file run03.txt (compact mmCIF, C-alpha atoms)
# COMPACT_ATOMS: atom_id res chain seq x y z
CA MET O 38 8.69 9.25 1.75
CA LYS O 39 10.62 11.04 -0.92
CA ILE O 40 8.49 11.34 -4.03
CA GLU O 41 10.20 12.33 -7.25
CA LYS O 42 8.24 13.90 -10.06
CA VAL O 43 9.21 13.32 -13.66
CA PRO O 44 7.51 15.78 -16.01
CA GLY O 45 6.16 14.71 -19.39
CA LYS O 46 3.79 15.89 -22.10
CA ASN O 47 1.60 12.82 -21.72
CA ASN O 48 -0.11 13.79 -18.46
CA LYS O 49 -3.69 12.65 -19.01
CA ASN O 50 -3.28 9.87 -16.45
CA LYS O 51 -2.02 10.03 -12.89
CA VAL O 52 0.86 7.59 -12.90
CA PHE O 53 2.61 6.56 -9.69
CA LEU O 54 5.44 4.11 -9.41
CA TYR O 55 6.72 2.22 -6.38
CA ALA O 56 10.25 1.18 -7.25
CA LEU O 57 13.50 -0.04 -5.72
CA SER O 58 16.63 2.04 -6.26
CA THR O 59 18.68 -1.09 -7.05
CA CYS O 60 16.16 -2.84 -9.29
CA ALA O 61 16.96 -3.15 -12.99
CA TRP O 62 13.30 -3.80 -13.95
CA CYS O 63 12.28 -0.63 -12.10
CA LYS O 64 14.97 1.33 -13.89
CA MET O 65 13.69 0.06 -17.23
CA THR O 66 10.15 1.04 -16.30
CA LYS O 67 11.22 4.57 -15.41
CA GLN O 68 13.12 4.83 -18.69
CA TYR O 69 10.19 3.46 -20.67
CA LEU O 70 7.85 6.07 -19.20
CA LYS O 71 10.41 8.81 -19.88
CA ASP O 72 10.92 7.63 -23.46
CA ASN O 73 7.19 7.87 -24.00
CA ASP O 74 7.05 11.31 -22.42
CA VAL O 75 4.67 10.12 -19.70
CA GLU O 76 4.43 12.33 -16.63
CA PHE O 77 4.83 10.27 -13.47
CA GLU O 78 5.83 10.27 -9.85
CA TYR O 79 7.86 7.60 -8.13
CA ALA O 80 9.18 6.59 -4.74
CA ASP O 81 12.10 4.25 -4.13
CA VAL O 82 10.71 1.95 -1.47
CA ASP O 83 14.08 0.64 -0.28
CA LEU O 84 14.97 4.17 0.80
CA CYS O 85 11.81 4.60 2.90
CA SER O 86 11.65 4.51 6.67
CA GLU O 87 10.10 1.48 8.40
CA LYS O 88 6.94 3.39 9.19
CA GLU O 89 6.54 4.41 5.56
CA LEU O 90 7.16 0.83 4.47
CA ASP O 91 4.11 -0.30 6.36
CA LYS O 92 2.01 2.29 4.52
CA VAL O 93 3.46 1.22 1.18
CA LYS O 94 2.65 -2.41 1.90
CA LYS O 95 -0.92 -1.59 2.89
CA ASP O 96 -1.40 0.63 -0.16
CA ILE O 97 -0.20 -2.02 -2.60
CA LEU O 98 -2.08 -4.90 -0.99
CA SER O 99 -5.30 -2.88 -0.65
CA LYS O 100 -5.24 -2.28 -4.41
CA GLY O 101 -4.95 -6.00 -5.02
CA GLY O 102 -1.30 -5.91 -5.98
CA SER O 103 1.61 -8.04 -4.87
CA LEU O 104 4.80 -6.78 -3.24
CA SER O 105 6.74 -7.28 -6.43
CA TYR O 106 8.45 -4.24 -7.95
CA PRO O 107 7.95 -2.13 -9.97
CA VAL O 108 4.37 -1.41 -8.93
CA ILE O 109 2.67 0.98 -11.34
CA ILE O 110 -0.54 2.60 -10.16
CA VAL O 111 -2.64 4.42 -12.74
CA ASN O 112 -5.31 6.87 -11.62
CA ASP O 113 -5.29 5.38 -8.11
CA ARG O 114 -7.15 2.27 -9.26
CA ILE O 115 -5.30 0.24 -11.87
CA LEU O 116 -2.28 -1.57 -10.53
CA ILE O 117 0.35 -3.28 -12.65
CA ASN O 118 2.99 -5.50 -11.06
CA GLY O 119 6.25 -5.76 -12.92
CA PHE O 120 7.58 -4.20 -16.11
CA ARG O 121 4.88 -5.63 -18.35
CA LYS O 122 5.28 -3.40 -21.34
CA ASP O 123 2.12 -4.47 -23.16
CA LYS O 124 -0.05 -3.90 -20.13
CA ILE O 125 1.51 -0.50 -19.41
CA LYS O 126 1.18 0.48 -23.04
CA GLU O 127 -2.46 -0.52 -23.17
CA THR O 128 -3.39 1.13 -19.85
CA LEU O 129 -1.67 4.41 -20.68
CA GLY O 130 -2.65 4.45 -24.33
CA ILE O 131 0.92 4.90 -25.58
CA MET G 15 34.99 -2.98 -0.16
CA THR G 16 33.61 -4.84 -3.07
CA THR G 17 34.07 -3.78 -6.66
CA LEU G 18 31.79 -4.19 -9.64
CA GLU G 19 34.38 -6.48 -11.18
CA LYS G 20 34.32 -8.77 -8.13
CA VAL G 21 30.52 -8.93 -8.24
CA ARG G 22 30.67 -9.77 -11.95
CA GLN G 23 33.33 -12.45 -11.49
CA ARG G 24 31.37 -14.08 -8.69
CA ALA G 25 28.23 -14.21 -10.83
CA GLU G 26 30.12 -15.52 -13.85
CA SER G 27 31.79 -18.23 -11.84
CA ASP G 28 28.52 -19.27 -10.25
CA ALA G 29 26.75 -19.37 -13.62
CA LYS G 30 29.50 -21.60 -14.99
CA THR G 31 29.34 -23.96 -12.03
CA TYR G 32 25.59 -24.44 -12.30
CA GLY G 33 25.27 -24.41 -16.08
CA TYR G 34 23.55 -21.02 -16.32
CA TYR G 35 24.31 -17.88 -18.29
CA LEU G 36 24.26 -14.23 -17.28
CA ASN G 37 21.73 -11.81 -18.75
CA PRO G 38 22.74 -11.23 -22.39
CA ASP G 39 21.73 -7.55 -22.38
CA ALA G 40 24.90 -5.67 -21.36
CA LYS G 41 23.05 -2.67 -19.92
CA PHE G 42 20.56 -4.86 -18.03
CA LEU G 43 23.44 -6.93 -16.62
CA GLN G 44 25.36 -3.83 -15.60
CA ASP G 45 22.33 -2.47 -13.71
CA LEU G 46 21.83 -5.79 -11.90
CA LEU G 47 25.48 -6.02 -10.88
CA GLU G 48 25.43 -2.42 -9.65
CA GLY G 49 22.31 -3.20 -7.60
CA LEU G 50 24.01 -6.22 -6.07
CA LYS G 51 27.08 -4.14 -5.26
CA LYS G 52 24.99 -1.47 -3.58
CA ASN G 53 23.17 -4.07 -1.49
CA GLU G 54 26.43 -5.70 -0.48
CA GLU G 55 27.73 -2.32 0.61
CA ARG G 56 24.69 -1.37 2.65
CA PHE G 57 23.78 -4.77 4.12
CA GLY G 58 27.05 -6.67 4.07
CA TYR G 59 25.66 -9.32 1.71
CA PRO G 60 24.42 -9.21 -1.89
CA ALA G 61 20.64 -9.31 -1.43
CA CYS G 62 18.58 -9.55 -4.63
CA PRO G 63 18.54 -6.09 -6.24
CA CYS G 64 14.92 -6.51 -7.34
CA ARG G 65 13.46 -7.42 -3.96
CA LEU G 66 12.97 -5.40 -0.80
CA ALA G 67 15.54 -6.61 1.71
CA SER G 68 15.24 -5.94 5.43
CA GLY G 69 18.93 -5.60 6.14
CA LYS G 70 18.60 -8.41 8.68
CA LEU G 71 20.50 -11.49 7.60
CA GLU G 72 18.10 -14.00 9.14
CA ILE G 73 15.18 -12.49 7.23
CA ASP G 74 17.02 -11.97 3.96
CA ARG G 75 18.85 -15.30 3.84
CA ASP G 76 16.61 -16.74 1.11
CA ILE G 77 17.08 -13.72 -1.19
CA ILE G 78 20.85 -13.47 -1.03
CA CYS G 79 22.10 -13.90 -4.58
CA PRO G 80 22.00 -16.60 -5.86
CA CYS G 81 18.63 -16.77 -4.13
CA ASP G 82 16.71 -19.88 -3.08
CA TYR G 83 14.30 -19.35 -5.96
CA ARG G 84 16.81 -19.14 -8.79
CA ASP G 85 16.96 -22.82 -9.71
CA PRO G 86 13.21 -23.44 -10.00
CA ASP G 87 12.69 -20.06 -11.73
CA VAL G 88 15.38 -20.58 -14.35
CA ALA G 89 14.08 -24.09 -14.98
CA GLU G 90 10.48 -22.96 -15.35
CA PHE G 91 10.73 -19.45 -16.83
CA GLY G 92 14.20 -19.32 -18.34
CA ALA G 93 15.38 -16.60 -15.96
CA CYS G 94 15.58 -15.94 -12.25
CA TYR G 95 13.39 -13.26 -10.64
CA CYS G 96 15.79 -10.36 -11.32
CA ALA G 97 16.99 -11.98 -14.58
CA LEU G 98 20.67 -12.05 -13.64
CA TYR G 99 20.81 -15.78 -14.35
CA VAL G 100 19.23 -17.12 -17.50
CA ARG G 101 18.91 -20.41 -19.36
CA LYS G 102 20.85 -21.13 -22.53
CA ASP G 103 17.92 -20.54 -24.90
CA VAL G 104 17.26 -17.16 -23.30
CA PHE G 105 20.94 -16.27 -23.47
CA GLU G 106 20.95 -17.12 -27.17
CA GLY G 107 17.96 -14.85 -27.74
CA LYS G 108 15.57 -17.64 -28.75
CA ILE G 109 13.26 -16.69 -25.90
CA PRO G 110 12.95 -13.09 -24.65
CA VAL G 111 13.66 -12.21 -21.02
CA GLN G 112 10.28 -11.76 -19.34
CA PRO G 113 9.37 -10.65 -15.82
CA VAL G 114 9.06 -13.69 -13.56
CA GLN G 115 6.26 -13.96 -11.06
CA GLU G 116 7.47 -13.87 -7.47
CA ARG G 117 7.94 -17.33 -6.02
CA ARG G 118 9.00 -16.14 -2.57
CA PRO G 119 6.08 -16.72 -0.19
CA LEU G 120 4.15 -13.59 0.85
CA GLU G 121 4.78 -14.43 4.48
CA LYS G 122 8.52 -14.02 3.90
CA GLN G 123 8.11 -10.90 1.74
CA THR G 124 6.14 -9.07 4.41
CA ARG G 125 8.90 -9.54 7.01
CA SER G 126 10.79 -6.71 5.33
CA TYR G 127 7.88 -4.37 6.00
CA ALA G 128 7.51 -5.05 9.70
CA VAL G 129 7.81 -2.05 11.92
CA SER G 130 10.22 -3.09 14.62
CA PRO G 131 8.54 -2.87 18.00
CA VAL G 132 10.28 -0.12 19.94
CA THR G 133 8.41 -0.64 23.18
CA PRO G 134 5.68 -3.15 23.98
CA VAL G 135 3.21 -0.26 24.32
CA GLU G 136 3.66 0.73 20.71
CA LYS G 137 3.08 -2.77 19.49
CA LYS G 138 -0.49 -2.43 18.36
CA THR G 139 -2.01 -5.01 16.14
CA GLU G 140 -4.83 -3.94 13.91
CA PRO G 141 -7.39 -6.56 13.04
CA GLY G 142 -6.56 -8.37 9.87
CA THR G 143 -2.89 -7.49 9.84
CA THR G 144 -0.26 -10.12 10.20
CA VAL G 145 2.66 -9.37 12.41
CA ALA G 146 5.80 -10.47 10.67
CA LYS G 147 8.14 -12.68 12.57
CA GLN G 148 11.20 -11.16 14.13
CA PRO G 149 14.55 -12.78 13.27
CA SER G 150 14.73 -14.56 16.62
CA GLU G 151 11.41 -16.25 15.93
CA ILE G 152 12.56 -17.78 12.67
CA LYS G 153 13.00 -21.44 13.44
CA LYS G 154 15.78 -23.19 11.63
CA LYS G 155 15.72 -26.92 11.20
CA LEU G 156 18.04 -29.63 9.98
CA TRP G 157 17.01 -31.05 6.63
CA TYR G 158 18.60 -33.86 4.70
CA CYS G 159 18.32 -35.00 1.13
CA ARG G 160 17.07 -38.57 1.13
CA GLN G 161 18.75 -39.12 -2.23
CA CYS G 162 22.33 -38.01 -1.56
CA GLY G 163 22.49 -37.24 2.14
CA TYR G 164 23.20 -33.49 1.83
CA VAL G 165 22.35 -31.77 5.11
CA VAL G 166 21.27 -28.16 5.50
CA PHE G 167 20.34 -26.08 8.56
CA ARG G 168 17.73 -23.56 7.42
CA GLU G 169 14.15 -22.47 7.84
CA ASP G 170 12.99 -24.42 4.77
CA SER G 171 14.49 -27.18 2.70
CA PRO G 172 15.89 -26.11 -0.69
CA TYR G 173 13.72 -26.28 -3.81
CA ILE G 174 16.38 -28.36 -5.48
CA CYS G 175 19.25 -30.20 -3.80
CA PRO G 176 22.43 -28.30 -4.75
CA ILE G 177 24.40 -31.54 -4.76
CA CYS G 178 22.29 -34.13 -6.57
CA LYS G 179 19.49 -31.90 -7.99
CA ALA G 180 16.75 -33.89 -6.28
CA LYS G 181 13.48 -32.03 -5.86
CA ARG G 182 12.26 -30.57 -2.57
CA GLU G 183 10.05 -33.60 -1.98
CA MET G 184 13.20 -35.65 -1.40
CA PHE G 185 14.10 -33.61 1.67
CA ALA G 186 13.11 -34.72 5.13
CA GLU G 187 13.53 -33.08 8.48
CA ILE G 188 16.05 -34.55 10.85
CA ALA G 189 14.40 -34.91 14.20
CA LEU G 190 16.97 -34.75 16.95
CA ARG G 191 16.35 -37.02 19.87
CA ILE G 192 18.37 -37.30 22.98
CA ASP G 193 18.09 -40.60 24.75
CA GLU G 194 19.27 -40.96 28.27
CA ILE G 195 20.96 -44.22 28.92
CA GLY G 196 21.45 -45.65 32.35

call {"tool": "encode", "arguments": {"input": "run03.txt", "output": "structure tokens"}}
result
Amino acid sequence: MKIEKVPGKNNKNKVFLYALSTCAWCKMTKQYLKDNDVEFEYADVDLCSEKELDKVKKDILSKGGSLSYPVIIVNDRILINGFRKDKIKETLGI
Amino acid sequence: MTTLEKVRQRAESDAKTYGYYLNPDAKFLQDLLEGLKKNEERFGYPACPCRLASGKLEIDRDIICPCDYRDPDVAEFGACYCALYVRKDVFEGKIPVQPVQERRPLEKQTRSYAVSPVTPVEKKTEPGTTVAKQPSEIKKKLWYCRQCGYVVFREDSPYICPICKAKREMFAEIALRIDEIG
């Protein structure tokens, strides 16, 4: 799985994003994090291999999320489904 | 090869036909159309840009744009799942475009994540995991709208009849029976 790292000054939280390369909501989420100088990593799930997809599915479902992108995982425990700005803002303290 | 303009025209024409509008945010719309174009190029059909498609037509049929879920989503939330199609009040900016909760059943979503069995030996099933159906296992049925008679051959009946707008409850399965005479 190709994981891209986006550097940012706000790096107090570990932010990981499962996204789709074609998804407009995912694109907005990436931009929102960049605009707020949040450091994060992301993987475009639609570009993963089938084996990796199974891992992605298990990871998201085990954290209580749904398979609806973007999936934002903060500090390995808080999962946010969808570009819900208020929730992201609150969780990341931005 | 499809062009962005073709993808846009198709969406515009479909919106007009069904009384919808396209996303009013030019950048948002552009991203959605580009996503649709990319999916059409890699799969051969414009699967929803905001959902994980499998690349197998039988599995992705319900998420080919306009997807099966558009009509009920626009009616209930003002926008479809990816927000390509919106309702008039959303288009006019009276209501903001919000993320829509996924209506597609989990059982169908997980089909895109199935590891295709290479050999029977590799097909291990861990306890608690559901093995997604392979395309050949997806059973299509004949459904008809009891209100207008529209007939469709698909896995599930539509949420809303595309002809007379009757709700899903109006659909019934057509049971085929072959009688031998004589």

call {"tool": "residues_near_point", "arguments": {"input": "run03.txt", "point": "(4.8, 3.1, -4.6)", "cutoff": "7 Å", "atoms": "only C-alpha atoms", "output": "list in words"}}
result
Phe53, Leu54, Tyr55, Ala56, Tyr79, Ala80, Val82, Val93 and Val108 of chain O

call {"tool": "residues_around", "arguments": {"input": "run03.txt", "residues": "region 44-50 of chain O", "least_positions_apart": "6", "cutoff": "8 Å", "atoms": "all atoms listed in the file", "output": "VMD selection string"}}
result
chain O and resid 71 73 to 77 111 to 112 129

call {"tool": "closest_residue", "arguments": {"input": "run03.txt", "among": "G:Ala25, G:Ala61, G:Met15, G:Ile177", "to": "chain O", "atoms": "all atoms listed in the file"}}
result
G:Ala61

call {"tool": "interface_residues", "arguments": {"input": "run03.txt", "of": "chain O", "to": "chain G", "cutoff": "6 Å", "atoms": "all atoms listed in the file", "output": "list in words"}}
result
Thr59, Cys60, Ala61, Glu87, Leu90 and Asp91 of chain O

call {"tool": "residues_near_point", "arguments": {"input": "run03.txt", "point": "(20.7, -37.4, -7.1)", "cutoff": "9 Å", "atoms": "all atoms listed in the file", "output": "PyMOL selection string"}}
result
chain G and resi 159+161-162+175+177-180

call {"tool": "residues_around", "arguments": {"input": "run03.txt", "residues": "Glu187 (chain G)", "least_positions_apart": "6", "cutoff": "8 Å", "atoms": "only C-alpha atoms", "output": "list in words"}}
result
Lys155, Leu156, Trp157 and Tyr158 of chain G

call {"tool": "write_last_selection", "arguments": {"input": "run03.txt", "atoms": "C-alpha atoms", "output": "PDB file, in the frame of the given file"}}
result
ATOM      1  CA  LYS G 155      15.720 -26.920  11.200  1.00  0.00           C
ATOM      2  CA  LEU G 156      18.040 -29.630   9.980  1.00  0.00           C
ATOM      3  CA  TRP G 157      17.010 -31.050   6.630  1.00  0.00           C
ATOM      4  CA  TYR G 158      18.600 -33.860   4.700  1.00  0.00           C
TER       5      TYR G 158
END

call {"tool": "residues_around", "arguments": {"input": "run03.txt", "residues": "Gly101 (chain O)", "least_positions_apart": "2", "cutoff": "12 Å", "atoms": "all atoms listed in the file", "output": "JSON, numbers by chain"}}
result
{"O": [94, 95, 96, 97, 98, 99, 103, 104, 105, 108, 110, 113, 114, 115, 116, 117, 118]}

call {"tool": "atom_distance", "arguments": {"input": "run03.txt", "atom1": "CA of Ile40 (chain O)", "atom2": "CA of Glu78 (chain O)"}}
result
6.5 Å

call {"tool": "closest_residue", "arguments": {"input": "run03.txt", "among": "G:Asp103, G:Asp28, G:Asp39, G:Glu19", "to": "Cys79 (chain G)", "atoms": "only C-alpha atoms"}}
result
G:Asp28

call {"tool": "atom_distance", "arguments": {"input": "run03.txt", "atom1": "CA of Val166 (chain G)", "atom2": "CA of Pro60 (chain G)"}}
result
20.6 Å

call {"tool": "residues_around", "arguments": {"input": "run03.txt", "residues": "Lys122 (chain O)", "least_positions_apart": "4", "cutoff": "9 Å", "atoms": "all atoms listed in the file", "output": "ChimeraX atom specification"}}
result
/O:66,69,126-127

call {"tool": "closest_residue", "arguments": {"input": "run03.txt", "among": "O:Met38, O:Ile109, O:Val43, O:Cys85", "to": "Asp72 (chain O)", "atoms": "all atoms listed in the file"}}
result
O:Val43

call {"tool": "atom_distance", "arguments": {"input": "run03.txt", "atom1": "CA of Pro107 (chain O)", "atom2": "CA of Cys63 (chain O)"}}
result
5.1 Å

call {"tool": "closest_residue", "arguments": {"input": "run03.txt", "among": "G:Lys102, G:Arg84, G:Lys20, G:Lys122", "to": "Pro172 (chain G)", "atoms": "all atoms listed in the file"}}
result
G:Arg84

call {"tool": "residues_around", "arguments": {"input": "run03.txt", "residues": "Val111 (chain G)", "least_positions_apart": "5", "cutoff": "8 Å", "atoms": "all atoms listed in the file", "output": "number ranges by chain"}}
result
G: 92-93, 97, 104

call {"tool": "closest_residue", "arguments": {"input": "run03.txt", "among": "G:Ile152, G:Val88, G:Ile109, G:Ile195", "to": "Ala29 (chain G)", "atoms": "only C-alpha atoms"}}
result
G:Val88

call {"tool": "decode", "arguments": {"input": "run03.txt", "residues": "region 51-82 of chain O", "atoms": "N, CA and C atoms", "output": "compact mmCIF listing (two decimals), in the first residue's frame"}}
result
# COMPACT_ATOMS: atom_id res chain seq x y z
N LYS O 51 -1.54 11.94 15.46
CA LYS O 51 -1.21 11.07 14.34
C LYS O 51 -2.47 10.96 13.49
N VAL O 52 -2.42 11.55 12.32
CA VAL O 52 -3.61 11.58 11.47
C VAL O 52 -3.39 10.71 10.23
N PHE O 53 -4.29 9.75 10.05
CA PHE O 53 -4.20 8.88 8.87
C PHE O 53 -5.52 8.91 8.11
N LEU O 54 -5.39 8.95 6.79
CA LEU O 54 -6.57 9.10 5.96
C LEU O 54 -6.64 7.97 4.94
N TYR O 55 -7.76 7.26 4.92
CA TYR O 55 -8.04 6.35 3.82
C TYR O 55 -8.89 7.14 2.83
N ALA O 56 -8.44 7.21 1.60
CA ALA O 56 -9.16 8.02 0.62
C ALA O 56 -9.32 7.25 -0.69
N LEU O 57 -10.04 7.87 -1.62
CA LEU O 57 -10.13 7.33 -2.98
C LEU O 57 -9.57 8.40 -3.91
N SER O 58 -8.80 7.99 -4.88
CA SER O 58 -8.12 8.97 -5.74
C SER O 58 -9.11 9.77 -6.59
N THR O 59 -10.32 9.22 -6.79
CA THR O 59 -11.30 9.90 -7.63
C THR O 59 -12.34 10.70 -6.83
N CYS O 60 -12.28 10.60 -5.52
CA CYS O 60 -13.36 11.12 -4.67
C CYS O 60 -13.17 12.61 -4.35
N ALA O 61 -14.20 13.38 -4.65
CA ALA O 61 -14.13 14.83 -4.44
C ALA O 61 -14.14 15.18 -2.95
N TRP O 62 -14.88 14.41 -2.15
CA TRP O 62 -14.94 14.65 -0.69
C TRP O 62 -13.56 14.37 -0.08
N CYS O 63 -12.89 13.33 -0.59
CA CYS O 63 -11.56 12.99 -0.08
C CYS O 63 -10.57 14.10 -0.42
N LYS O 64 -10.71 14.61 -1.62
CA LYS O 64 -9.83 15.69 -2.08
C LYS O 64 -9.99 16.93 -1.19
N MET O 65 -11.24 17.20 -0.85
CA MET O 65 -11.53 18.36 0.01
C MET O 65 -10.93 18.15 1.39
N THR O 66 -11.01 16.91 1.87
CA THR O 66 -10.47 16.60 3.20
C THR O 66 -8.95 16.81 3.21
N LYS O 67 -8.30 16.31 2.18
CA LYS O 67 -6.84 16.48 2.07
C LYS O 67 -6.49 17.98 2.06
N GLN O 68 -7.25 18.73 1.27
CA GLN O 68 -6.99 20.17 1.17
C GLN O 68 -7.24 20.88 2.50
N TYR O 69 -8.29 20.46 3.18
CA TYR O 69 -8.64 21.08 4.46
C TYR O 69 -7.51 20.86 5.47
N LEU O 70 -6.97 19.65 5.50
CA LEU O 70 -5.87 19.34 6.43
C LEU O 70 -4.63 20.15 6.05
N LYS O 71 -4.38 20.25 4.74
CA LYS O 71 -3.22 21.03 4.27
C LYS O 71 -3.39 22.50 4.64
N ASP O 72 -4.59 23.03 4.41
CA ASP O 72 -4.85 24.45 4.71
C ASP O 72 -4.65 24.75 6.18
N ASN O 73 -4.88 23.74 7.02
CA ASN O 73 -4.72 23.95 8.46
C ASN O 73 -3.36 23.46 8.96
N ASP O 74 -2.48 23.21 8.00
CA ASP O 74 -1.10 22.83 8.30
C ASP O 74 -1.02 21.59 9.21
N VAL O 75 -1.95 20.66 9.00
CA VAL O 75 -1.95 19.42 9.79
C VAL O 75 -1.08 18.38 9.08
N GLU O 76 -0.18 17.78 9.85
CA GLU O 76 0.63 16.70 9.27
C GLU O 76 -0.22 15.45 9.19
N PHE O 77 -0.21 14.78 8.04
CA PHE O 77 -0.99 13.55 7.93
C PHE O 77 -0.42 12.61 6.88
N GLU O 78 -0.87 11.38 6.98
CA GLU O 78 -0.51 10.39 5.98
C GLU O 78 -1.80 9.91 5.33
N TYR O 79 -1.71 9.51 4.07
CA TYR O 79 -2.92 8.98 3.44
C TYR O 79 -2.59 7.87 2.45
N ALA O 80 -3.59 7.04 2.21
CA ALA O 80 -3.48 6.00 1.19
C ALA O 80 -4.73 6.06 0.33
N ASP O 81 -4.53 6.01 -0.98
CA ASP O 81 -5.69 5.95 -1.88
C ASP O 81 -6.08 4.48 -2.05
N VAL O 82 -7.22 4.14 -1.47
CA VAL O 82 -7.64 2.74 -1.38
C VAL O 82 -7.94 2.12 -2.75
